[in-house]
>>> print(open('input13.txt').read())   # compact mmCIF, C-alpha atoms
# COMPACT_ATOMS: atom_id res chain seq x y z
CA MET A 22 -6.32 -56.13 58.82
CA LEU A 23 -3.38 -57.47 57.00
CA GLY A 24 -0.75 -58.05 59.62
CA LYS A 25 -1.27 -57.41 63.28
CA ILE A 26 -4.62 -58.16 64.84
CA GLU A 27 -5.77 -54.89 66.37
CA PHE A 28 -7.64 -55.80 69.48
CA ARG A 29 -7.20 -55.00 73.15
CA ARG A 30 -8.10 -58.05 75.11
CA ARG A 31 -9.84 -57.37 78.35
CA ARG A 32 -8.64 -59.51 81.21
CA GLY A 33 -10.25 -62.91 81.18
CA ARG A 34 -11.69 -62.54 77.71
CA GLN A 35 -10.83 -64.76 74.79
CA ARG A 36 -8.01 -63.81 72.48
CA MET A 37 -8.92 -62.42 69.09
CA ARG A 38 -8.28 -64.81 66.27
CA TRP A 39 -7.16 -63.92 62.76
CA LEU A 40 -10.60 -64.13 61.23
CA GLY A 41 -12.01 -62.21 64.17
CA GLY A 42 -9.48 -59.49 63.56
CA ILE A 43 -10.63 -59.10 59.97
CA THR A 44 -14.34 -59.08 60.70
CA ASN A 45 -13.68 -56.65 63.50
CA ALA A 46 -11.81 -54.27 61.28
CA MET A 47 -14.28 -54.50 58.43
CA ASP A 48 -17.40 -54.48 60.61
CA MET A 49 -18.82 -57.33 58.63
CA ASN A 50 -19.32 -61.00 59.15
CA LEU A 51 -17.63 -63.64 57.03
CA SER A 52 -20.44 -64.18 54.55
CA GLY A 53 -20.68 -60.44 54.03
CA LEU A 54 -16.97 -60.31 53.33
CA LEU A 55 -17.17 -63.20 50.87
CA GLU A 56 -19.77 -61.30 48.88
CA LEU A 57 -17.78 -58.10 48.96
CA VAL A 58 -14.64 -59.82 47.73
CA MET A 59 -16.39 -60.94 44.55
CA ASP A 60 -16.85 -57.36 43.46
CA ARG A 61 -13.38 -56.03 42.81
CA GLU A 62 -14.11 -52.35 42.85
CA ALA A 63 -16.20 -52.47 45.97
CA TRP A 64 -13.45 -54.41 47.70
CA HIS A 65 -10.82 -51.90 46.65
CA ALA A 66 -12.96 -49.06 47.88
CA THR A 67 -13.56 -50.55 51.32
CA VAL A 68 -9.97 -51.56 51.81
CA HIS A 69 -8.62 -48.15 50.89
CA GLU A 70 -11.24 -46.47 53.02
CA LYS A 71 -10.05 -48.43 56.02
CA ALA A 72 -6.49 -47.57 55.21
CA ASP A 73 -7.23 -43.88 54.95
CA ALA A 74 -9.04 -43.97 58.24
CA GLY A 75 -6.03 -45.62 59.75
CA ASN A 76 -3.72 -43.01 58.23
CA LYS A 77 -5.76 -40.16 59.54
CA ALA A 78 -5.80 -41.64 62.99
CA LYS A 79 -2.03 -41.93 62.83
CA LYS A 80 -1.59 -38.30 61.81
CA VAL A 81 -3.76 -37.02 64.60
CA LYS A 82 -1.98 -39.20 67.07
CA MET A 83 1.40 -37.98 65.88
CA VAL A 84 0.65 -34.38 66.65
CA LYS A 85 -0.55 -35.24 70.12
CA ARG A 86 2.55 -37.20 71.01
CA VAL A 87 4.88 -34.35 70.26
CA LYS A 88 3.14 -32.18 72.82
CA LYS A 89 3.32 -34.80 75.57
CA GLY A 90 7.05 -34.59 76.06
CA LYS A 91 9.41 -37.09 77.67
CA PRO A 92 8.10 -40.62 78.20
CA HIS A 93 7.87 -41.93 81.75
CA ARG A 94 10.66 -44.19 83.03
CA SER A 95 9.87 -47.88 83.06
CA ARG A 96 7.06 -48.66 85.49
CA ASP A 97 8.26 -52.22 85.73
CA PRO A 98 11.13 -52.56 88.21
CA VAL A 99 13.68 -55.17 87.30
CA LEU A 100 14.06 -58.15 89.63
CA VAL A 101 16.82 -59.87 87.75
CA ARG A 102 18.16 -58.96 84.34
CA GLY A 103 15.47 -59.84 81.84
CA ILE A 104 12.76 -60.40 84.45
CA GLY A 105 10.39 -57.68 85.57
CA ARG A 106 8.36 -57.41 88.74
CA TYR A 107 5.00 -57.26 86.96
CA SER A 108 3.26 -59.53 84.48
CA PRO A 109 2.22 -58.27 81.06
CA SER A 110 -1.37 -57.88 82.13
CA ALA A 111 -0.36 -55.98 85.26
CA MET A 112 1.79 -53.75 83.11
CA TYR A 113 -1.16 -53.13 80.88
CA SER A 114 -2.96 -51.53 83.78
CA ARG A 115 0.07 -49.72 85.14
CA LYS A 116 0.82 -48.17 81.77
CA ALA A 117 -2.85 -47.34 81.23
CA LEU A 118 -2.83 -48.96 77.85
CA TYR A 119 -6.63 -49.16 77.99
CA LYS A 120 -6.45 -45.42 77.37
CA ARG A 121 -3.85 -45.58 74.64
CA LYS A 122 -5.03 -47.36 71.57
CA TYR A 123 -2.91 -46.82 68.46
CA SER A 124 -3.68 -48.24 65.10
CA ALA A 125 -0.31 -47.37 63.65
CA ALA A 126 0.54 -50.85 62.45
CA LYS A 127 -2.44 -51.06 60.17
CA SER A 128 -1.78 -47.83 58.39
CA GLU A 129 1.90 -48.59 57.87
CA VAL A 130 1.11 -51.85 56.20
CA GLU A 131 -1.51 -50.22 54.06
CA LYS A 132 0.87 -47.49 53.04
CA GLN A 133 3.50 -49.97 52.01
CA LYS A 134 0.99 -51.84 49.98
CA LYS A 135 -0.05 -48.74 48.09
CA VAL A 136 3.32 -47.70 46.82
CA ARG A 137 4.34 -50.22 44.18
CA VAL A 138 7.75 -49.65 42.71
CA LEU A 139 7.78 -50.10 38.97
CA ALA A 140 9.91 -53.08 38.11
CA THR A 141 9.91 -52.73 34.35
CA VAL A 142 9.46 -50.10 31.71
CA THR A 143 8.22 -50.67 28.19
CA LYS A 144 10.38 -48.90 25.67
CA PRO A 145 9.49 -48.43 22.03
CA VAL A 146 12.06 -49.66 19.56
CA GLY A 147 12.05 -48.22 16.09
CA GLY A 148 12.55 -50.04 12.84
CA ASP A 149 10.46 -52.63 11.06
CA LYS A 150 12.62 -55.60 11.69
CA ASN A 151 13.71 -54.71 15.17
CA GLY A 152 11.12 -56.69 17.07
CA GLY A 153 8.87 -53.94 18.37
CA PRO A 154 8.69 -52.51 21.89
CA ARG A 155 10.82 -54.07 24.60
CA VAL A 156 10.11 -54.55 28.26
CA VAL A 157 13.19 -53.30 30.06
CA LYS A 158 13.98 -54.03 33.70
CA LEU A 159 14.50 -50.90 35.73
CA ARG A 160 16.64 -52.54 38.36
CA LYS A 161 19.15 -54.85 36.72
CA MET A 162 21.38 -57.38 38.37
CA PRO A 163 24.97 -56.20 38.57
CA GLY A 164 27.06 -57.39 35.65
CA TYR A 165 30.20 -57.65 37.71
CA TYR A 166 30.84 -59.32 41.03
CA PRO A 167 34.35 -58.59 42.17
CA THR A 168 36.19 -61.55 43.69
CA GLU A 169 38.06 -59.25 46.00
CA ASP A 170 37.35 -55.80 47.29
CA LYS A 171 38.93 -54.12 44.33
CA PRO A 172 38.40 -54.79 40.64
CA PHE A 173 41.40 -55.92 38.60
CA SER A 174 42.07 -52.44 37.31
CA LYS A 175 42.56 -51.18 40.85
CA HIS A 176 44.85 -53.95 42.06
CA VAL A 177 48.22 -52.87 43.37
CA ARG A 178 50.91 -53.87 40.93
CA LYS A 179 54.11 -54.99 42.52
CA LEU A 180 57.49 -55.10 41.00
CA ARG A 181 60.38 -56.90 42.56
CA ALA A 182 63.07 -54.62 43.95
CA SER A 183 65.71 -56.17 41.72
CA ILE A 184 64.06 -54.83 38.62
CA THR A 185 64.66 -51.44 37.17
CA PRO A 186 64.11 -50.34 33.60
CA GLY A 187 67.06 -51.56 31.58
CA THR A 188 67.51 -54.84 33.43
CA VAL A 189 68.26 -57.86 31.32
CA LEU A 190 65.75 -60.65 31.86
CA ILE A 191 65.76 -64.30 30.92
CA ILE A 192 62.44 -65.42 29.52
CA LEU A 193 61.37 -68.83 30.80
CA THR A 194 58.30 -69.71 28.74
CA GLY A 195 56.89 -69.24 25.33
CA ARG A 196 58.63 -69.47 22.04
CA HIS A 197 61.36 -67.15 23.29
CA ARG A 198 62.32 -69.25 26.26
CA GLY A 199 65.91 -68.94 27.29
CA LYS A 200 66.39 -65.67 25.49
CA ARG A 201 67.87 -62.68 27.18
CA VAL A 202 65.86 -59.57 26.81
CA VAL A 203 65.77 -55.92 27.92
CA PHE A 204 63.07 -54.78 30.35
CA LEU A 205 61.59 -51.38 29.47
CA LYS A 206 58.79 -50.70 31.91
CA GLN A 207 55.86 -52.15 33.81
CA LEU A 208 52.47 -51.58 32.20
CA GLY A 209 49.22 -50.77 33.94
CA SER A 210 48.07 -54.37 34.14
CA GLY A 211 51.29 -55.37 35.86
CA LEU A 212 52.81 -57.03 32.82
CA LEU A 213 56.33 -56.09 31.80
CA LEU A 214 57.09 -54.37 28.53
CA VAL A 215 60.10 -56.05 27.04
CA THR A 216 62.13 -56.02 23.83
CA GLY A 217 64.92 -58.20 22.37
CA PRO A 218 65.93 -56.00 20.66
CA ALA A 219 64.59 -57.93 17.70
CA SER A 220 67.62 -57.39 15.54
CA LEU A 221 69.74 -59.27 18.05
CA ASN A 222 67.55 -62.15 19.13
CA GLN A 223 64.26 -62.05 17.22
CA VAL A 224 62.32 -61.03 20.29
CA PRO A 225 59.87 -58.27 19.41
CA LEU A 226 58.48 -55.53 21.59
CA HIS A 227 55.93 -57.39 23.69
CA ARG A 228 54.61 -58.07 27.19
CA THR A 229 55.68 -60.73 29.64
CA HIS A 230 54.71 -61.70 33.14
CA GLN A 231 57.02 -61.18 36.12
CA LYS A 232 56.59 -64.74 37.28
CA PHE A 233 57.80 -66.26 34.06
CA VAL A 234 61.06 -64.40 33.90
CA ILE A 235 64.38 -64.44 35.75
CA PHE A 236 65.99 -61.11 36.49
CA THR A 237 69.71 -60.85 36.01
CA SER A 238 71.91 -58.29 37.63
CA THR A 239 72.97 -56.95 34.25
CA LYS A 240 71.51 -53.55 33.66
CA ILE A 241 71.59 -51.20 30.73
CA ASP A 242 71.25 -47.51 31.28
CA ILE A 243 68.11 -46.54 29.41
CA SER A 244 67.40 -43.41 31.36
CA GLY A 245 67.26 -41.24 28.27
CA VAL A 246 65.16 -43.59 26.20
CA LYS A 247 61.71 -42.25 25.48
CA ILE A 248 59.09 -44.96 25.48
CA PRO A 249 56.08 -43.82 23.44
CA GLU A 250 52.89 -43.25 25.38
CA HIS A 251 50.71 -45.31 23.09
CA LEU A 252 52.38 -48.55 24.17
CA THR A 253 49.81 -49.64 26.73
CA ASP A 254 47.97 -52.88 27.44
CA THR A 255 45.17 -52.03 25.02
CA TYR A 256 47.73 -51.47 22.27
CA PHE A 257 49.02 -54.97 22.69
CA LYS A 258 45.59 -56.48 23.00
CA LYS A 259 44.15 -54.96 19.85
CA LYS A 260 45.67 -55.99 16.56
CA LYS A 261 44.11 -52.97 14.84
CA LEU A 262 46.28 -50.57 16.76
CA GLN A 263 49.42 -52.48 15.95
CA LYS A 264 48.80 -52.46 12.22
CA ASN A 265 49.02 -48.71 12.22
CA THR A 266 52.36 -47.93 10.59
CA ARG A 267 52.97 -44.84 12.64
CA SER A 268 53.00 -46.87 15.83
CA GLN A 269 55.33 -49.40 14.25
CA SER A 270 57.85 -46.75 13.48
CA SER A 271 57.84 -45.45 17.03
CA ALA A 272 58.51 -48.99 18.22
CA ARG A 273 61.48 -49.01 15.89
CA LEU A 274 62.58 -45.77 17.47
CA ILE A 275 62.88 -47.41 20.87
CA ARG A 276 64.79 -50.24 19.39
CA SER A 277 67.37 -47.98 17.77
CA GLN A 278 67.85 -46.00 20.96
CA ILE A 279 68.39 -49.13 22.99
CA LEU A 280 70.72 -50.63 20.42
CA GLN A 281 72.95 -47.60 20.72
CA ARG A 282 73.32 -48.13 24.44
CA ILE A 283 73.87 -51.84 24.06
CA LYS A 284 76.66 -51.32 21.61
CA ALA A 285 78.32 -48.98 24.08
CA VAL A 286 78.76 -51.83 26.54
CA PRO A 287 81.41 -54.36 25.54
CA GLN A 288 80.15 -57.91 24.84
CA LEU A 289 76.57 -57.03 25.66
CA GLN A 290 75.43 -57.61 22.09
CA GLY A 291 76.79 -61.13 22.15
CA TYR A 292 75.25 -61.69 25.55
CA LEU A 293 71.82 -60.69 24.36
CA ARG A 294 72.21 -62.88 21.30
CA SER A 295 72.97 -65.94 23.40
CA VAL A 296 70.46 -68.23 25.00
CA PHE A 297 70.36 -69.24 28.64
CA ALA A 298 70.49 -72.92 29.46
CA ILE A 299 71.19 -75.08 32.45
CA ILE A 300 74.14 -77.31 31.80
CA ASN A 301 75.25 -80.32 33.77
CA GLY A 302 76.98 -79.11 36.88
CA ILE A 303 75.13 -75.81 36.95
CA TYR A 304 72.43 -75.68 39.55
CA PRO A 305 69.97 -72.77 39.39
CA HIS A 306 69.79 -72.39 43.17
CA LYS A 307 73.53 -71.82 43.22
CA VAL A 308 73.69 -69.49 40.25
CA VAL A 309 73.98 -65.80 40.89
CA PHE A 310 71.83 -64.32 38.16
CA MET B 5 65.68 -72.82 22.31
CA SER B 6 68.38 -75.35 22.47
CA GLY B 7 69.17 -75.53 26.14
CA ARG B 8 67.58 -77.01 29.23
CA LEU B 9 65.46 -74.72 31.38
CA TRP B 10 64.54 -77.17 34.07
CA SER B 11 66.30 -78.82 36.97
CA LYS B 12 66.64 -82.56 37.22
CA ALA B 13 64.85 -84.33 40.03
CA ILE B 14 63.79 -87.82 40.96
CA VAL B 15 60.60 -88.85 42.68
CA ALA B 16 61.61 -90.39 45.95
CA GLY B 17 58.10 -91.44 46.92
CA PHE B 18 54.81 -90.13 48.18
CA ASN B 19 53.99 -88.48 51.47
CA GLN B 20 53.33 -91.38 53.80
CA GLY B 21 53.21 -92.51 57.36
CA LEU B 22 54.05 -96.07 58.25
CA TRP B 23 50.92 -97.62 56.81
CA ASN B 24 49.16 -94.91 54.81
CA GLN B 25 50.23 -93.08 51.68
CA ARG B 26 49.01 -89.65 50.62
CA GLU B 27 49.47 -89.30 46.90
CA HIS B 28 48.69 -85.61 46.78
CA THR B 29 52.20 -84.82 47.98
CA ALA B 30 55.33 -86.40 46.58
CA PHE B 31 58.96 -86.03 47.62
CA LEU B 32 61.46 -84.97 45.03
CA LYS B 33 65.17 -85.30 45.24
CA ILE B 34 66.56 -82.39 43.25
CA GLU B 35 70.01 -82.71 41.79
CA GLY B 36 72.56 -80.50 43.52
CA VAL B 37 70.32 -79.78 46.47
CA TYR B 38 71.51 -81.64 49.53
CA VAL B 39 71.22 -78.96 52.15
CA GLN B 40 68.03 -77.67 53.76
CA ASP B 41 68.65 -73.98 53.15
CA LYS B 42 69.02 -74.44 49.41
CA ILE B 43 65.45 -75.60 49.10
CA GLU B 44 63.96 -72.11 49.20
CA PHE B 45 64.79 -71.50 45.57
CA TYR B 46 62.64 -74.42 44.45
CA LEU B 47 59.57 -73.60 46.49
CA CYS B 48 56.62 -72.90 44.27
CA LYS B 49 58.23 -74.22 41.09
CA ARG B 50 56.16 -76.31 38.78
CA CYS B 51 57.07 -79.93 38.13
CA ALA B 52 56.38 -82.11 35.18
CA TYR B 53 56.75 -85.79 34.60
CA VAL B 54 57.63 -86.07 30.95
CA TYR B 55 57.23 -89.26 29.01
CA LYS B 56 57.11 -90.27 25.38
CA ALA B 57 53.77 -91.19 23.99
CA LYS B 58 52.93 -92.90 20.75
CA ASN B 59 54.73 -91.53 17.72
CA ASN B 60 57.45 -90.17 20.01
CA THR B 61 55.56 -87.05 21.14
CA GLU B 62 56.62 -85.86 24.55
CA ASN B 63 53.86 -85.62 27.12
CA PRO B 64 54.30 -83.73 30.34
CA THR B 65 51.90 -84.37 33.24
CA LYS B 66 51.65 -81.26 35.30
CA SER B 67 48.69 -80.49 37.47
CA ASP B 68 47.39 -83.87 38.63
CA ASN B 69 48.86 -86.25 41.15
CA PHE B 70 51.70 -88.32 39.84
CA CYS B 71 50.84 -91.96 39.41
CA ALA B 72 52.79 -94.64 41.21
CA LYS B 73 54.73 -95.54 38.09
CA VAL B 74 56.61 -92.31 38.55
CA ILE B 75 58.43 -93.27 41.70
CA GLY B 76 62.10 -93.41 40.86
CA GLN B 77 61.59 -91.57 37.58
CA ARG B 78 63.05 -88.34 36.36
CA ILE B 79 61.03 -85.18 36.94
CA HIS B 80 61.55 -81.78 35.39
CA VAL B 81 61.54 -78.98 37.93
CA ILE B 82 60.68 -75.98 35.86
CA LEU B 83 62.09 -72.60 36.79
CA PHE B 84 58.79 -70.70 36.89
CA PRO B 85 56.93 -69.27 38.78
CA SER B 86 60.09 -67.36 39.38
CA LYS B 87 60.89 -65.45 42.51
CA ILE B 88 64.19 -63.84 41.52
>>> encode(input="input13.txt", output="C-alpha cells")
Amino acid sequence: MLGKIEFRRRRGRQRMRWLGGITNAMDMNLSGLLELVMDREAWHATVHEKADAGNKAKKVKMVKRVKKGKPHRSRDPVLVRGIGRYSPSAMYSRKALYKRKYSAAKSEVEKQKKVRVLATVTKPVGGDKNGGPRVVKLRKMPGYYPTEDKPFSKHVRKLRASITPGTVLIILTGRHRGKRVVFLKQLGSGLLLVTGPASLNQVPLHRTHQKFVIFTSTKIDISGVKIPEHLTDTYFKKKKLQKNTRSQSSARLIRSQILQRIKAVPQLQGYLRSVFAIINGIYPHKVVF
Amino acid sequence: MSGRLWSKAIVAGFNQGLWNQREHTAFLKIEGVYVQDKIEFYLCKRCAYVYKAKNNTENPTKSDNFCAKVIGQRIHVILFPSKI
C-alpha cells in the first residue's frame, strides 16, 4: 500500500494505478478512505491490521519455501546475452506466477515503518540555574574528520639519517637563528628536543622542527646522558608543567651532563658559543656542514 | 644574530614563452650557482623580496607572486625548509 502496487495483471487487462492499488489493498473506495483518514485512531488501526496480515502471510510463505528445495533453472533460454527467448508475459505463464502470489514487499515496508529509531533523548540536568532538562542527540556527528587515513598522533615520524642524538645543529629561524645547538632526541610529535646548552649560547631546552635546522657532522657522545621521561610534547605545551621546580632541576641535570662532555672535546665550547653566518664567498650549496 | 642566513639571488625574469608571461614562476640567478647539478640544494627553499618601507622597517614579501618591479632586484634565498 505504501510502495509497490500489489496486483497481478491478467493478460489484456488494464494496469493497476497507484490509487487503484490503495483502494484494492484497503477494500474501500476513495471517499471511504478520505473519511477514515480524518479519524486518526481508526486509520492507525486499519493500517496496522493490514500490515499484520501481510506479516502473517509472509511467515506462512517462508515456511513453505524451505520445504520446496532447489529452485528450477531459468525457464527462459538466452538468445543473446541480455535477451531472452520469451517475453515477460510469456514468462509469467511459464513460471506459473498466477499460482505464486507473494505480498512480501508490503510487509517489509510496514515493518520498517514501525521501528522508529530514537534520535534524541531528554536528559534531566540538576541545579537551579543550569537551564533544566536537555535534549541530547543519540547519534552525534563525528567531531574529527581525519585529512589522511591516520590521525596526527599515528603519523610516522621520520628522522634524517644524518641525525643521531648528540649532533650539533644550526638553527635557522626564530630568535636563536644561527646558533649552534645540541640535539638530544626526537619527541613523539616529530619535533626535535634541543638544548644550547644555555650557559654557552642562551638557548634553553626546547623543541625545534627538522625542516628549520641544518645538521652538521659534528657529534657529541651523549650515550650516557639520561634524558628525563617527563620531557614530552605536553610538557612543552603546558606552562603549568614547566613552572614546577622539580622539573626545572632535572632539565638542569641534562645540561650539566652535556656540558661535561662538551668540555672534554677541545674547542667545542667555543664552537657552540659562535654563530653561523654566510659570508661573502661562502656558498651554502658548496659548504660541507 | 649578526650574520646572514640567506643566499643572494637576483630575479632574472618570469616564466615566459615568446609572447606570454606566467608570473607564478620566476627565474632566480643564485650567486655561486652556475652549474646545473648544484641547484638541488636550493630546491624547496623559501625566497623573500625584502624592501624598506616607511620609517625604514624591512618588509619581506614571501608567499605571493613577485611584482614586476622585482625583476633585476636582489632576492633572499632562505636556507629553510632544510634538507640536510
>>> residues_around(input="input13.txt", residues="Gln20 in chain B", least_positions_apart="6", cutoff="12 Å", atoms="only C-alpha atoms", output="count of residues only")
6
>>> interface_residues(input="input13.txt", of="chain B", to="chain A", cutoff="10 Å", atoms="all atoms listed in the file", output="PyMOL selection string")
chain B and resi 5-12+34-37+42-46+82-88
>>> atom_distance(input="input13.txt", atom1="CA of Ile241 in chain A", atom2="CA of Val286 in chain A")
8.3 Å
>>> residues_around(input="input13.txt", residues="Met47 in chain A", least_positions_apart="3", cutoff="12 Å", atoms="all atoms listed in the file", output="list in words")
Met22, Leu23, Glu27, Leu40, Gly41, Gly42, Ile43, Thr44, Asn50, Leu51, Gly53, Leu54, Leu55, Leu57, Val58, Trp64, Ala66, Thr67, Val68, His69, Glu70, Lys71, Ala72 and Ala74 of chain A
>>> atom_distance(input="input13.txt", atom1="CA of Ala52 in chain B", atom2="CA of Ser238 in chain A")
28.5 Å
>>> atom_distance(input="input13.txt", atom1="CA of Leu221 in chain A", atom2="CA of Leu205 in chain A")
16.1 Å
>>> build_atoms(input="input13.txt", residues="range 29-50 of chain A", atoms="N, CA, C and O atoms", output="PDB file, keeping the file's coordinate frame")
ATOM      1  N   ARG A  29      -7.677 -55.027  71.772  1.00  0.00           N
ATOM      2  CA  ARG A  29      -7.200 -55.000  73.150  1.00  0.00           C
ATOM      3  C   ARG A  29      -8.029 -55.980  73.952  1.00  0.00           C
ATOM      4  O   ARG A  29      -9.226 -55.818  74.100  1.00  0.00           O
ATOM      5  N   ARG A  30      -7.381 -56.984  74.416  1.00  0.00           N
ATOM      6  CA  ARG A  30      -8.100 -58.050  75.110  1.00  0.00           C
ATOM      7  C   ARG A  30      -8.299 -57.663  76.550  1.00  0.00           C
ATOM      8  O   ARG A  30      -7.356 -57.376  77.281  1.00  0.00           O
ATOM      9  N   ARG A  31      -9.580 -57.654  76.942  1.00  0.00           N
ATOM     10  CA  ARG A  31      -9.840 -57.370  78.350  1.00  0.00           C
ATOM     11  C   ARG A  31      -9.510 -58.603  79.151  1.00  0.00           C
ATOM     12  O   ARG A  31      -9.622 -59.719  78.687  1.00  0.00           O
ATOM     13  N   ARG A  32      -9.120 -58.407  80.367  1.00  0.00           N
ATOM     14  CA  ARG A  32      -8.640 -59.510  81.210  1.00  0.00           C
ATOM     15  C   ARG A  32      -9.703 -60.579  81.338  1.00  0.00           C
ATOM     16  O   ARG A  32     -10.842 -60.316  81.673  1.00  0.00           O
ATOM     17  N   GLY A  33      -9.316 -61.795  81.067  1.00  0.00           N
ATOM     18  CA  GLY A  33     -10.250 -62.910  81.180  1.00  0.00           C
ATOM     19  C   GLY A  33     -10.954 -63.245  79.898  1.00  0.00           C
ATOM     20  O   GLY A  33     -11.532 -64.315  79.763  1.00  0.00           O
ATOM     21  N   ARG A  34     -10.977 -62.288  78.958  1.00  0.00           N
ATOM     22  CA  ARG A  34     -11.690 -62.540  77.710  1.00  0.00           C
ATOM     23  C   ARG A  34     -10.859 -63.420  76.794  1.00  0.00           C
ATOM     24  O   ARG A  34      -9.661 -63.566  76.979  1.00  0.00           O
ATOM     25  N   GLN A  35     -11.528 -63.950  75.777  1.00  0.00           N
ATOM     26  CA  GLN A  35     -10.830 -64.760  74.790  1.00  0.00           C
ATOM     27  C   GLN A  35      -9.939 -63.903  73.912  1.00  0.00           C
ATOM     28  O   GLN A  35     -10.227 -62.733  73.669  1.00  0.00           O
ATOM     29  N   ARG A  36      -8.864 -64.529  73.413  1.00  0.00           N
ATOM     30  CA  ARG A  36      -8.010 -63.810  72.480  1.00  0.00           C
ATOM     31  C   ARG A  36      -8.706 -63.693  71.138  1.00  0.00           C
ATOM     32  O   ARG A  36      -9.495 -64.541  70.774  1.00  0.00           O
ATOM     33  N   MET A  37      -8.350 -62.637  70.422  1.00  0.00           N
ATOM     34  CA  MET A  37      -8.920 -62.420  69.090  1.00  0.00           C
ATOM     35  C   MET A  37      -8.164 -63.281  68.088  1.00  0.00           C
ATOM     36  O   MET A  37      -6.942 -63.284  68.043  1.00  0.00           O
ATOM     37  N   ARG A  38      -8.940 -64.010  67.295  1.00  0.00           N
ATOM     38  CA  ARG A  38      -8.280 -64.810  66.270  1.00  0.00           C
ATOM     39  C   ARG A  38      -8.152 -64.033  64.985  1.00  0.00           C
ATOM     40  O   ARG A  38      -8.696 -62.938  64.846  1.00  0.00           O
ATOM     41  N   TRP A  39      -7.437 -64.609  64.011  1.00  0.00           N
ATOM     42  CA  TRP A  39      -7.160 -63.920  62.760  1.00  0.00           C
ATOM     43  C   TRP A  39      -8.431 -63.492  62.049  1.00  0.00           C
ATOM     44  O   TRP A  39      -8.596 -62.344  61.664  1.00  0.00           O
ATOM     45  N   LEU A  40      -9.351 -64.427  61.942  1.00  0.00           N
ATOM     46  CA  LEU A  40     -10.600 -64.130  61.230  1.00  0.00           C
ATOM     47  C   LEU A  40     -11.377 -63.061  61.998  1.00  0.00           C
ATOM     48  O   LEU A  40     -11.962 -62.148  61.410  1.00  0.00           O
ATOM     49  N   GLY A  41     -11.330 -63.198  63.339  1.00  0.00           N
ATOM     50  CA  GLY A  41     -12.010 -62.210  64.170  1.00  0.00           C
ATOM     51  C   GLY A  41     -11.434 -60.828  63.948  1.00  0.00           C
ATOM     52  O   GLY A  41     -12.164 -59.833  63.917  1.00  0.00           O
ATOM     53  N   GLY A  42     -10.126 -60.780  63.787  1.00  0.00           N
ATOM     54  CA  GLY A  42      -9.480 -59.490  63.560  1.00  0.00           C
ATOM     55  C   GLY A  42      -9.991 -58.841  62.297  1.00  0.00           C
ATOM     56  O   GLY A  42     -10.229 -57.633  62.236  1.00  0.00           O
ATOM     57  N   ILE A  43     -10.178 -59.637  61.251  1.00  0.00           N
ATOM     58  CA  ILE A  43     -10.630 -59.100  59.970  1.00  0.00           C
ATOM     59  C   ILE A  43     -12.069 -58.623  60.063  1.00  0.00           C
ATOM     60  O   ILE A  43     -12.414 -57.503  59.674  1.00  0.00           O
ATOM     61  N   THR A  44     -12.936 -59.470  60.605  1.00  0.00           N
ATOM     62  CA  THR A  44     -14.340 -59.080  60.700  1.00  0.00           C
ATOM     63  C   THR A  44     -14.492 -57.856  61.586  1.00  0.00           C
ATOM     64  O   THR A  44     -15.329 -56.986  61.358  1.00  0.00           O
ATOM     65  N   ASN A  45     -13.659 -57.793  62.607  1.00  0.00           N
ATOM     66  CA  ASN A  45     -13.680 -56.650  63.500  1.00  0.00           C
ATOM     67  C   ASN A  45     -13.325 -55.365  62.770  1.00  0.00           C
ATOM     68  O   ASN A  45     -13.979 -54.341  62.897  1.00  0.00           O
ATOM     69  N   ALA A  46     -12.273 -55.460  61.981  1.00  0.00           N
ATOM     70  CA  ALA A  46     -11.810 -54.270  61.280  1.00  0.00           C
ATOM     71  C   ALA A  46     -12.792 -53.840  60.200  1.00  0.00           C
ATOM     72  O   ALA A  46     -12.962 -52.656  59.936  1.00  0.00           O
ATOM     73  N   MET A  47     -13.403 -54.816  59.552  1.00  0.00           N
ATOM     74  CA  MET A  47     -14.280 -54.500  58.430  1.00  0.00           C
ATOM     75  C   MET A  47     -15.725 -54.294  58.847  1.00  0.00           C
ATOM     76  O   MET A  47     -16.559 -53.904  58.038  1.00  0.00           O
ATOM     77  N   ASP A  48     -16.022 -54.604  60.099  1.00  0.00           N
ATOM     78  CA  ASP A  48     -17.400 -54.480  60.610  1.00  0.00           C
ATOM     79  C   ASP A  48     -18.386 -55.283  59.808  1.00  0.00           C
ATOM     80  O   ASP A  48     -19.455 -54.832  59.451  1.00  0.00           O
ATOM     81  N   MET A  49     -17.979 -56.495  59.472  1.00  0.00           N
ATOM     82  CA  MET A  49     -18.820 -57.330  58.630  1.00  0.00           C
ATOM     83  C   MET A  49     -18.591 -58.757  59.044  1.00  0.00           C
ATOM     84  O   MET A  49     -17.515 -59.098  59.486  1.00  0.00           O
ATOM     85  N   ASN A  50     -19.600 -59.602  58.860  1.00  0.00           N
ATOM     86  CA  ASN A  50     -19.320 -61.000  59.150  1.00  0.00           C
ATOM     87  C   ASN A  50     -18.731 -61.678  57.908  1.00  0.00           C
ATOM     88  O   ASN A  50     -18.616 -61.093  56.846  1.00  0.00           O
TER      89      ASN A  50
END
